[in-house]
file start34.pdb (PDB, C-alpha atoms, pLDDT in the B column)
ATOM      1  CA  MET A   1     135.924 107.328 104.722  1.00 48.00           C
ATOM      2  CA  MET A   2     132.715 108.937 103.438  1.00 59.00           C
ATOM      3  CA  ALA A   3     133.750 108.987  99.780  1.00 66.00           C
ATOM      4  CA  GLN A   4     133.995 105.353  98.762  1.00 70.00           C
ATOM      5  CA  PRO A   5     134.544 104.261  95.173  1.00 75.00           C
ATOM      6  CA  LEU A   6     131.642 102.688  93.323  1.00 75.00           C
ATOM      7  CA  GLN A   7     131.907  98.976  92.712  1.00 78.00           C
ATOM      8  CA  ARG A   8     130.284  96.924  89.984  1.00 82.00           C
ATOM      9  CA  PRO A   9     127.252  95.044  91.379  1.00 77.00           C
ATOM     10  CA  SER A  10     127.317  91.250  91.476  1.00 83.00           C
ATOM     11  CA  ALA A  11     125.387  89.113  89.007  1.00 88.00           C
ATOM     12  CA  ARG A  12     122.813  88.253  91.706  1.00 90.00           C
ATOM     13  CA  ARG A  13     122.200  91.925  92.420  1.00 86.00           C
ATOM     14  CA  ILE A  14     121.811  92.701  88.695  1.00 88.00           C
ATOM     15  CA  ALA A  15     119.288  89.848  88.413  1.00 92.00           C
ATOM     16  CA  ALA A  16     117.436  91.270  91.422  1.00 91.00           C
ATOM     17  CA  TYR A  17     117.302  94.699  89.765  1.00 91.00           C
ATOM     18  CA  ALA A  18     115.931  93.146  86.560  1.00 94.00           C
ATOM     19  CA  GLY A  19     113.316  91.229  88.536  1.00 94.00           C
ATOM     20  CA  LEU A  20     112.279  94.375  90.392  1.00 93.00           C
ATOM     21  CA  PHE A  21     111.994  96.227  87.075  1.00 95.00           C
ATOM     22  CA  VAL A  22     109.576  93.575  85.783  1.00 96.00           C
ATOM     23  CA  LEU A  23     107.699  93.522  89.086  1.00 94.00           C
ATOM     24  CA  GLY A  24     107.333  97.317  88.907  1.00 93.00           C
ATOM     25  CA  ALA A  25     105.811  96.985  85.432  1.00 94.00           C
ATOM     26  CA  LEU A  26     103.364  94.338  86.681  1.00 94.00           C
ATOM     27  CA  VAL A  27     102.322  96.504  89.642  1.00 92.00           C
ATOM     28  CA  ALA A  28     101.722  99.403  87.248  1.00 91.00           C
ATOM     29  CA  LEU A  29      99.543  97.235  85.029  1.00 90.00           C
ATOM     30  CA  ALA A  30      97.558  95.909  87.978  1.00 89.00           C
ATOM     31  CA  GLY A  31      97.224  99.413  89.418  1.00 88.00           C
ATOM     32  CA  ALA A  32      95.987 100.780  86.101  1.00 85.00           C
ATOM     33  CA  LEU A  33      93.234  98.180  86.031  1.00 85.00           C
ATOM     34  CA  VAL A  34      92.264  98.460  89.705  1.00 87.00           C
ATOM     35  CA  GLN A  35      92.251 102.255  90.009  1.00 82.00           C
ATOM     36  CA  SER A  36      89.605 102.674  87.337  1.00 76.00           C
ATOM     37  CA  GLY A  37      87.521  99.703  88.459  1.00 77.00           C
ATOM     38  CA  TRP A  38      86.800 100.887  92.004  1.00 77.00           C
ATOM     39  CA  PHE A  39      87.475 104.596  91.867  1.00 76.00           C
ATOM     40  CA  PRO A  40      88.237 105.869  95.339  1.00 82.00           C
ATOM     41  CA  GLY A  41      89.211 102.563  96.941  1.00 86.00           C
ATOM     42  CA  GLY A  42      90.933 101.167  93.870  1.00 86.00           C
ATOM     43  CA  LEU A  43      93.083 104.262  93.523  1.00 87.00           C
ATOM     44  CA  LEU A  44      94.204 104.024  97.134  1.00 90.00           C
ATOM     45  CA  LEU A  45      94.826 100.290  96.742  1.00 91.00           C
ATOM     46  CA  ALA A  46      96.920 100.846  93.587  1.00 89.00           C
ATOM     47  CA  LEU A  47      99.016 103.559  95.235  1.00 90.00           C
ATOM     48  CA  ALA A  48      99.463 101.467  98.394  1.00 93.00           C
ATOM     49  CA  GLY A  49     100.613  98.524  96.291  1.00 91.00           C
ATOM     50  CA  ALA A  50     103.117 100.704  94.464  1.00 91.00           C
ATOM     51  CA  ALA A  51     104.387 102.166  97.735  1.00 91.00           C
ATOM     52  CA  GLY A  52     104.756  98.685  99.212  1.00 91.00           C
ATOM     53  CA  LEU A  53     106.771  97.532  96.221  1.00 92.00           C
ATOM     54  CA  PHE A  54     109.024 100.594  96.126  1.00 91.00           C
ATOM     55  CA  LEU A  55     109.782 100.657  99.833  1.00 90.00           C
ATOM     56  CA  GLY A  56     110.026  96.877 100.058  1.00 90.00           C
ATOM     57  CA  ALA A  57     112.504  96.781  97.173  1.00 90.00           C
ATOM     58  CA  ALA A  58     114.663  99.421  98.836  1.00 88.00           C
ATOM     59  CA  ARG A  59     114.655  97.555 102.126  1.00 87.00           C
ATOM     60  CA  ALA A  60     115.170  94.111 100.548  1.00 88.00           C
ATOM     61  CA  LEU A  61     118.300  95.196  98.689  1.00 85.00           C
ATOM     62  CA  ALA A  62     119.381  97.604 101.447  1.00 84.00           C
ATOM     63  CA  SER A  63     119.886 100.422  98.952  1.00 83.00           C
ATOM     64  CA  ARG A  64     117.906 103.056  97.119  1.00 85.00           C
ATOM     65  CA  ALA A  65     118.804 101.337  93.861  1.00 84.00           C
ATOM     66  CA  GLY A  66     116.208  98.659  94.637  1.00 86.00           C
ATOM     67  CA  ALA A  67     113.493 101.295  94.797  1.00 89.00           C
ATOM     68  CA  ILE A  68     114.816 102.977  91.664  1.00 90.00           C
ATOM     69  CA  ALA A  69     114.732  99.700  89.696  1.00 92.00           C
ATOM     70  CA  SER A  70     111.098  99.066  90.610  1.00 93.00           C
ATOM     71  CA  VAL A  71     110.163 102.711  90.019  1.00 92.00           C
ATOM     72  CA  ALA A  72     111.771 102.589  86.578  1.00 94.00           C
ATOM     73  CA  GLY A  73     109.670  99.560  85.645  1.00 94.00           C
ATOM     74  CA  TRP A  74     106.546 101.251  86.986  1.00 91.00           C
ATOM     75  CA  ILE A  75     107.163 104.457  85.044  1.00 91.00           C
ATOM     76  CA  VAL A  76     107.985 102.673  81.771  1.00 92.00           C
ATOM     77  CA  ALA A  77     104.825 100.581  82.023  1.00 91.00           C
ATOM     78  CA  VAL A  78     102.622 103.554  82.910  1.00 87.00           C
ATOM     79  CA  MET A  79     103.990 105.605  80.027  1.00 85.00           C
ATOM     80  CA  LEU A  80     103.413 102.727  77.604  1.00 85.00           C
ATOM     81  CA  LEU A  81      99.881 102.265  78.928  1.00 81.00           C
ATOM     82  CA  THR A  82      98.999 105.947  78.521  1.00 79.00           C
ATOM     83  CA  ALA A  83     100.109 106.082  74.889  1.00 72.00           C
ATOM     84  CA  SER A  84      97.244 105.643  72.472  1.00 68.00           C
ATOM     85  CA  ARG A  85      97.492 103.120  69.667  1.00 67.00           C
ATOM     86  CA  PRO A  86      96.802 103.884  65.987  1.00 71.00           C
ATOM     87  CA  GLU A  87      93.363 102.297  66.406  1.00 68.00           C
ATOM     88  CA  GLY A  88      92.565 104.843  69.105  1.00 63.00           C
ATOM     89  CA  ASP A  89      92.696 102.367  71.993  1.00 61.00           C
ATOM     90  CA  PHE A  90      94.274 103.201  75.333  1.00 64.00           C
ATOM     91  CA  LEU A  91      94.037 101.835  78.846  1.00 66.00           C
ATOM     92  CA  PHE A  92      93.822 105.084  80.802  1.00 65.00           C
ATOM     93  CA  GLY A  93      90.798 107.305  80.436  1.00 64.00           C
ATOM     94  CA  ALA A  94      90.970 111.088  80.675  1.00 65.00           C
ATOM     95  CA  GLY A  95      89.411 111.169  84.127  1.00 72.00           C
ATOM     96  CA  VAL A  96      90.556 112.530  87.463  1.00 77.00           C
ATOM     97  CA  GLY A  97      91.401 109.050  88.766  1.00 75.00           C
ATOM     98  CA  SER A  98      93.932 108.415  86.002  1.00 78.00           C
ATOM     99  CA  TYR A  99      95.732 111.679  86.636  1.00 81.00           C
ATOM    100  CA  LEU A 100      95.728 111.045  90.379  1.00 85.00           C
ATOM    101  CA  PHE A 101      97.212 107.600  89.751  1.00 82.00           C
ATOM    102  CA  LEU A 102      99.975 109.009  87.546  1.00 85.00           C
ATOM    103  CA  LEU A 103     100.878 111.947  89.762  1.00 86.00           C
ATOM    104  CA  GLY A 104     100.290 110.086  93.026  1.00 88.00           C
ATOM    105  CA  GLY A 105     102.468 107.222  91.843  1.00 87.00           C
ATOM    106  CA  MET A 106     105.290 109.595  91.009  1.00 89.00           C
ATOM    107  CA  VAL A 107     105.017 111.271  94.412  1.00 90.00           C
ATOM    108  CA  VAL A 108     104.983 107.876  96.138  1.00 89.00           C
ATOM    109  CA  ALA A 109     108.026 106.835  94.096  1.00 87.00           C
ATOM    110  CA  VAL A 110     110.019 109.883  95.168  1.00 89.00           C
ATOM    111  CA  ILE A 111     109.024 109.463  98.807  1.00 86.00           C
ATOM    112  CA  CYS A 112     109.895 105.757  98.898  1.00 82.00           C
ATOM    113  CA  ALA A 113     113.202 106.244  97.081  1.00 81.00           C
ATOM    114  CA  THR A 114     114.091 108.972  99.573  1.00 84.00           C
ATOM    115  CA  LEU A 115     113.091 106.900 102.611  1.00 79.00           C
ATOM    116  CA  GLY A 116     115.038 103.872 101.427  1.00 67.00           C
ATOM    117  CA  PRO A 117     118.433 103.201 102.971  1.00 70.00           C
ATOM    118  CA  GLY A 118     121.427 104.783 101.294  1.00 63.00           C
ATOM    119  CA  ARG A 119     124.369 103.048  99.722  1.00 57.00           C
ATOM    120  CA  PRO A 120     125.662 100.264 101.931  1.00 54.00           C
ATOM    121  CA  HIS A 121     128.972 100.974 103.612  1.00 52.00           C
ATOM    122  CA  GLY A 122     131.905  98.756 102.830  1.00 52.00           C
ATOM    123  CA  GLY A 123     133.376  96.736 105.638  1.00 45.00           C
ATOM    124  CA  GLY A 124     136.749  97.397 107.077  1.00 42.00           C
TER     125      GLY A 124
END
call {"tool": "encode", "arguments": {"input": "start34.pdb", "output": "structure tokens"}}
result
Amino acid sequence: MMAQPLQRPSARRIAAYAGLFVLGALVALAGALVQSGWFPGGLLLALAGAAGLFLGAARALASRAGAIASVAGWIVAVMLLTASRPEGDFLFGAGVGSYLFLLGGMVVAVICATLGPGRPHGGG
């Protein structure tokens, strides 16, 4: 009863995962801009927004996979934003706030993915 076989997700669920991935990337971009604009308050606002997305995605899809999809989009966007371009441009500065946003976001992601509901049980 506890070991149930994995089933392929429906097309609607796959579309929801893709949408959450994009939404995670948008939250990362917004958080990157806000956290440096208003340092202490902006950092807390960016991390609260990320936590709301991660936990909300897990609850909306009733599985941890919802949180993981949004976290994956957040991490991909943050890693792309931290990479410097050949011209020397980058979005994140080398300050304490940027490192707190990166590390705090990863901690929030792990916490929200852990708090999210597990795999839904099949009926029967």
call {"tool": "closest_residue", "arguments": {"input": "start34.pdb", "among": "A:Pro5, A:Gly95, A:Pro86, A:Gly56", "to": "Ala69 of chain A", "atoms": "only C-alpha atoms"}}
result
A:Gly56
call {"tool": "resolve_selection", "arguments": {"input": "start34.pdb", "expression": "the PyMOL selection byres ((chain A and resi 100-116) around 8)", "output": "number ranges by chain"}}
result
A: 32, 35, 43, 46-47, 50-51, 54-55, 58-59, 62-64, 67-68, 71, 78, 96-99, 117-118
call {"tool": "atom_distance", "arguments": {"input": "start34.pdb", "atom1": "atom CA of Val22 of chain A", "atom2": "atom CA of Ala72 of chain A"}}
result
9.3 Å
call {"tool": "atom_distance", "arguments": {"input": "start34.pdb", "atom1": "atom CA of Leu81 of chain A", "atom2": "atom CA of Gly41 of chain A"}}
result
20.9 Å
call {"tool": "residues_around", "arguments": {"input": "start34.pdb", "residues": "Ala77 of chain A", "least_positions_apart": "6", "cutoff": "12 Å", "atoms": "only C-alpha atoms", "output": "number ranges by chain"}}
result
A: 21-32, 70-71, 83, 91-92, 102
call {"tool": "atom_distance", "arguments": {"input": "start34.pdb", "atom1": "atom CA of Tyr17 of chain A", "atom2": "atom CA of Gly66 of chain A"}}
result
6.4 Å
call {"tool": "axis_aligned_box", "arguments": {"input": "start34.pdb", "around": "segment 17-27 of chain A", "padding_each_side": "3 Å", "output": "AutoDock Vina command-line options"}}
result
--center_x 109.8 --center_y 94.3 --center_z 87.9 --size_x 21.0 --size_y 12.1 --size_z 11.0
call {"tool": "decode", "arguments": {"input": "start34.pdb", "residues": "segment 1-27 of chain A", "atoms": "N, CA, C and O atoms", "output": "PDB file, in the first residue's frame"}}
result
ATOM      1  N   MET A   1       0.815  -1.187   0.000  1.00  0.00           N
ATOM      2  CA  MET A   1       0.000   0.000   0.000  1.00  0.00           C
ATOM      3  C   MET A   1       0.866   1.261   0.000  1.00  0.00           C
ATOM      4  O   MET A   1       0.524   2.223  -0.648  1.00  0.00           O
ATOM      5  N   MET A   2       1.991   1.257   0.708  1.00  0.00           N
ATOM      6  CA  MET A   2       2.822   2.446   0.770  1.00  0.00           C
ATOM      7  C   MET A   2       3.652   2.630  -0.494  1.00  0.00           C
ATOM      8  O   MET A   2       3.923   3.740  -0.891  1.00  0.00           O
ATOM      9  N   ALA A   3       4.065   1.545  -1.118  1.00  0.00           N
ATOM     10  CA  ALA A   3       4.880   1.642  -2.325  1.00  0.00           C
ATOM     11  C   ALA A   3       3.958   1.571  -3.536  1.00  0.00           C
ATOM     12  O   ALA A   3       3.524   0.518  -3.941  1.00  0.00           O
ATOM     13  N   GLN A   4       3.652   2.733  -4.090  1.00  0.00           N
ATOM     14  CA  GLN A   4       2.782   2.804  -5.249  1.00  0.00           C
ATOM     15  C   GLN A   4       3.621   3.135  -6.468  1.00  0.00           C
ATOM     16  O   GLN A   4       4.570   3.918  -6.383  1.00  0.00           O
ATOM     17  N   PRO A   5       3.296   2.575  -7.607  1.00  0.00           N
ATOM     18  CA  PRO A   5       4.084   2.868  -8.809  1.00  0.00           C
ATOM     19  C   PRO A   5       3.890   4.320  -9.254  1.00  0.00           C
ATOM     20  O   PRO A   5       2.832   4.911  -9.046  1.00  0.00           O
ATOM     21  N   LEU A   6       4.932   4.871  -9.851  1.00  0.00           N
ATOM     22  CA  LEU A   6       4.840   6.230 -10.371  1.00  0.00           C
ATOM     23  C   LEU A   6       4.024   6.229 -11.651  1.00  0.00           C
ATOM     24  O   LEU A   6       4.129   5.310 -12.462  1.00  0.00           O
ATOM     25  N   GLN A   7       3.225   7.241 -11.828  1.00  0.00           N
ATOM     26  CA  GLN A   7       2.425   7.383 -13.029  1.00  0.00           C
ATOM     27  C   GLN A   7       2.856   8.636 -13.767  1.00  0.00           C
ATOM     28  O   GLN A   7       3.316   9.608 -13.157  1.00  0.00           O
ATOM     29  N   ARG A   8       2.707   8.614 -15.077  1.00  0.00           N
ATOM     30  CA  ARG A   8       3.047   9.777 -15.887  1.00  0.00           C
ATOM     31  C   ARG A   8       2.033  10.885 -15.590  1.00  0.00           C
ATOM     32  O   ARG A   8       0.829  10.651 -15.581  1.00  0.00           O
ATOM     33  N   PRO A   9       2.517  12.126 -15.350  1.00  0.00           N
ATOM     34  CA  PRO A   9       1.580  13.218 -15.064  1.00  0.00           C
ATOM     35  C   PRO A   9       0.756  13.575 -16.300  1.00  0.00           C
ATOM     36  O   PRO A   9       1.188  13.380 -17.436  1.00  0.00           O
ATOM     37  N   SER A  10      -0.409  14.145 -16.073  1.00  0.00           N
ATOM     38  CA  SER A  10      -1.287  14.553 -17.164  1.00  0.00           C
ATOM     39  C   SER A  10      -0.712  15.783 -17.864  1.00  0.00           C
ATOM     40  O   SER A  10       0.201  16.453 -17.363  1.00  0.00           O
ATOM     41  N   ALA A  11      -1.274  16.093 -19.013  1.00  0.00           N
ATOM     42  CA  ALA A  11      -0.809  17.251 -19.787  1.00  0.00           C
ATOM     43  C   ALA A  11      -1.068  18.553 -19.024  1.00  0.00           C
ATOM     44  O   ALA A  11      -0.252  19.486 -19.082  1.00  0.00           O
ATOM     45  N   ARG A  12      -2.181  18.631 -18.294  1.00  0.00           N
ATOM     46  CA  ARG A  12      -2.463  19.828 -17.491  1.00  0.00           C
ATOM     47  C   ARG A  12      -1.436  20.020 -16.396  1.00  0.00           C
ATOM     48  O   ARG A  12      -1.010  21.142 -16.116  1.00  0.00           O
ATOM     49  N   ARG A  13      -1.038  18.921 -15.763  1.00  0.00           N
ATOM     50  CA  ARG A  13      -0.051  19.008 -14.684  1.00  0.00           C
ATOM     51  C   ARG A  13       1.315  19.407 -15.248  1.00  0.00           C
ATOM     52  O   ARG A  13       2.042  20.198 -14.628  1.00  0.00           O
ATOM     53  N   ILE A  14       1.677  18.888 -16.409  1.00  0.00           N
ATOM     54  CA  ILE A  14       2.953  19.261 -17.038  1.00  0.00           C
ATOM     55  C   ILE A  14       2.939  20.744 -17.400  1.00  0.00           C
ATOM     56  O   ILE A  14       3.937  21.453 -17.208  1.00  0.00           O
ATOM     57  N   ALA A  15       1.812  21.243 -17.898  1.00  0.00           N
ATOM     58  CA  ALA A  15       1.688  22.669 -18.209  1.00  0.00           C
ATOM     59  C   ALA A  15       1.789  23.508 -16.932  1.00  0.00           C
ATOM     60  O   ALA A  15       2.390  24.591 -16.938  1.00  0.00           O
ATOM     61  N   ALA A  16       1.227  23.006 -15.842  1.00  0.00           N
ATOM     62  CA  ALA A  16       1.331  23.720 -14.565  1.00  0.00           C
ATOM     63  C   ALA A  16       2.780  23.766 -14.091  1.00  0.00           C
ATOM     64  O   ALA A  16       3.241  24.804 -13.598  1.00  0.00           O
ATOM     65  N   TYR A  17       3.508  22.670 -14.248  1.00  0.00           N
ATOM     66  CA  TYR A  17       4.924  22.658 -13.869  1.00  0.00           C
ATOM     67  C   TYR A  17       5.719  23.656 -14.709  1.00  0.00           C
ATOM     68  O   TYR A  17       6.576  24.376 -14.191  1.00  0.00           O
ATOM     69  N   ALA A  18       5.441  23.706 -16.019  1.00  0.00           N
ATOM     70  CA  ALA A  18       6.145  24.656 -16.882  1.00  0.00           C
ATOM     71  C   ALA A  18       5.821  26.093 -16.487  1.00  0.00           C
ATOM     72  O   ALA A  18       6.712  26.957 -16.459  1.00  0.00           O
ATOM     73  N   GLY A  19       4.561  26.357 -16.179  1.00  0.00           N
ATOM     74  CA  GLY A  19       4.179  27.697 -15.739  1.00  0.00           C
ATOM     75  C   GLY A  19       4.840  28.081 -14.426  1.00  0.00           C
ATOM     76  O   GLY A  19       5.273  29.222 -14.253  1.00  0.00           O
ATOM     77  N   LEU A  20       4.936  27.137 -13.505  1.00  0.00           N
ATOM     78  CA  LEU A  20       5.599  27.411 -12.229  1.00  0.00           C
ATOM     79  C   LEU A  20       7.096  27.631 -12.410  1.00  0.00           C
ATOM     80  O   LEU A  20       7.706  28.432 -11.699  1.00  0.00           O
ATOM     81  N   PHE A  21       7.693  26.941 -13.375  1.00  0.00           N
ATOM     82  CA  PHE A  21       9.112  27.150 -13.681  1.00  0.00           C
ATOM     83  C   PHE A  21       9.327  28.595 -14.142  1.00  0.00           C
ATOM     84  O   PHE A  21      10.234  29.280 -13.662  1.00  0.00           O
ATOM     85  N   VAL A  22       8.489  29.056 -15.054  1.00  0.00           N
ATOM     86  CA  VAL A  22       8.599  30.435 -15.552  1.00  0.00           C
ATOM     87  C   VAL A  22       8.306  31.431 -14.437  1.00  0.00           C
ATOM     88  O   VAL A  22       8.993  32.453 -14.308  1.00  0.00           O
ATOM     89  N   LEU A  23       7.312  31.150 -13.624  1.00  0.00           N
ATOM     90  CA  LEU A  23       6.980  32.038 -12.512  1.00  0.00           C
ATOM     91  C   LEU A  23       8.133  32.109 -11.505  1.00  0.00           C
ATOM     92  O   LEU A  23       8.427  33.183 -10.963  1.00  0.00           O
ATOM     93  N   GLY A  24       8.809  30.987 -11.269  1.00  0.00           N
ATOM     94  CA  GLY A  24       9.977  30.987 -10.395  1.00  0.00           C
ATOM     95  C   GLY A  24      11.089  31.870 -10.944  1.00  0.00           C
ATOM     96  O   GLY A  24      11.761  32.595 -10.200  1.00  0.00           O
ATOM     97  N   ALA A  25      11.287  31.831 -12.263  1.00  0.00           N
ATOM     98  CA  ALA A  25      12.305  32.688 -12.884  1.00  0.00           C
ATOM     99  C   ALA A  25      11.928  34.161 -12.754  1.00  0.00           C
ATOM    100  O   ALA A  25      12.796  35.007 -12.492  1.00  0.00           O
ATOM    101  N   LEU A  26      10.652  34.480 -12.909  1.00  0.00           N
ATOM    102  CA  LEU A  26      10.213  35.877 -12.767  1.00  0.00           C
ATOM    103  C   LEU A  26      10.356  36.373 -11.331  1.00  0.00           C
ATOM    104  O   LEU A  26      10.736  37.530 -11.107  1.00  0.00           O
ATOM    105  N   VAL A  27      10.059  35.525 -10.363  1.00  0.00           N
ATOM    106  CA  VAL A  27      10.222  35.903  -8.953  1.00  0.00           C
ATOM    107  C   VAL A  27      11.698  36.120  -8.635  1.00  0.00           C
ATOM    108  O   VAL A  27      12.054  37.028  -7.878  1.00  0.00           O
TER     109      VAL A  27
END
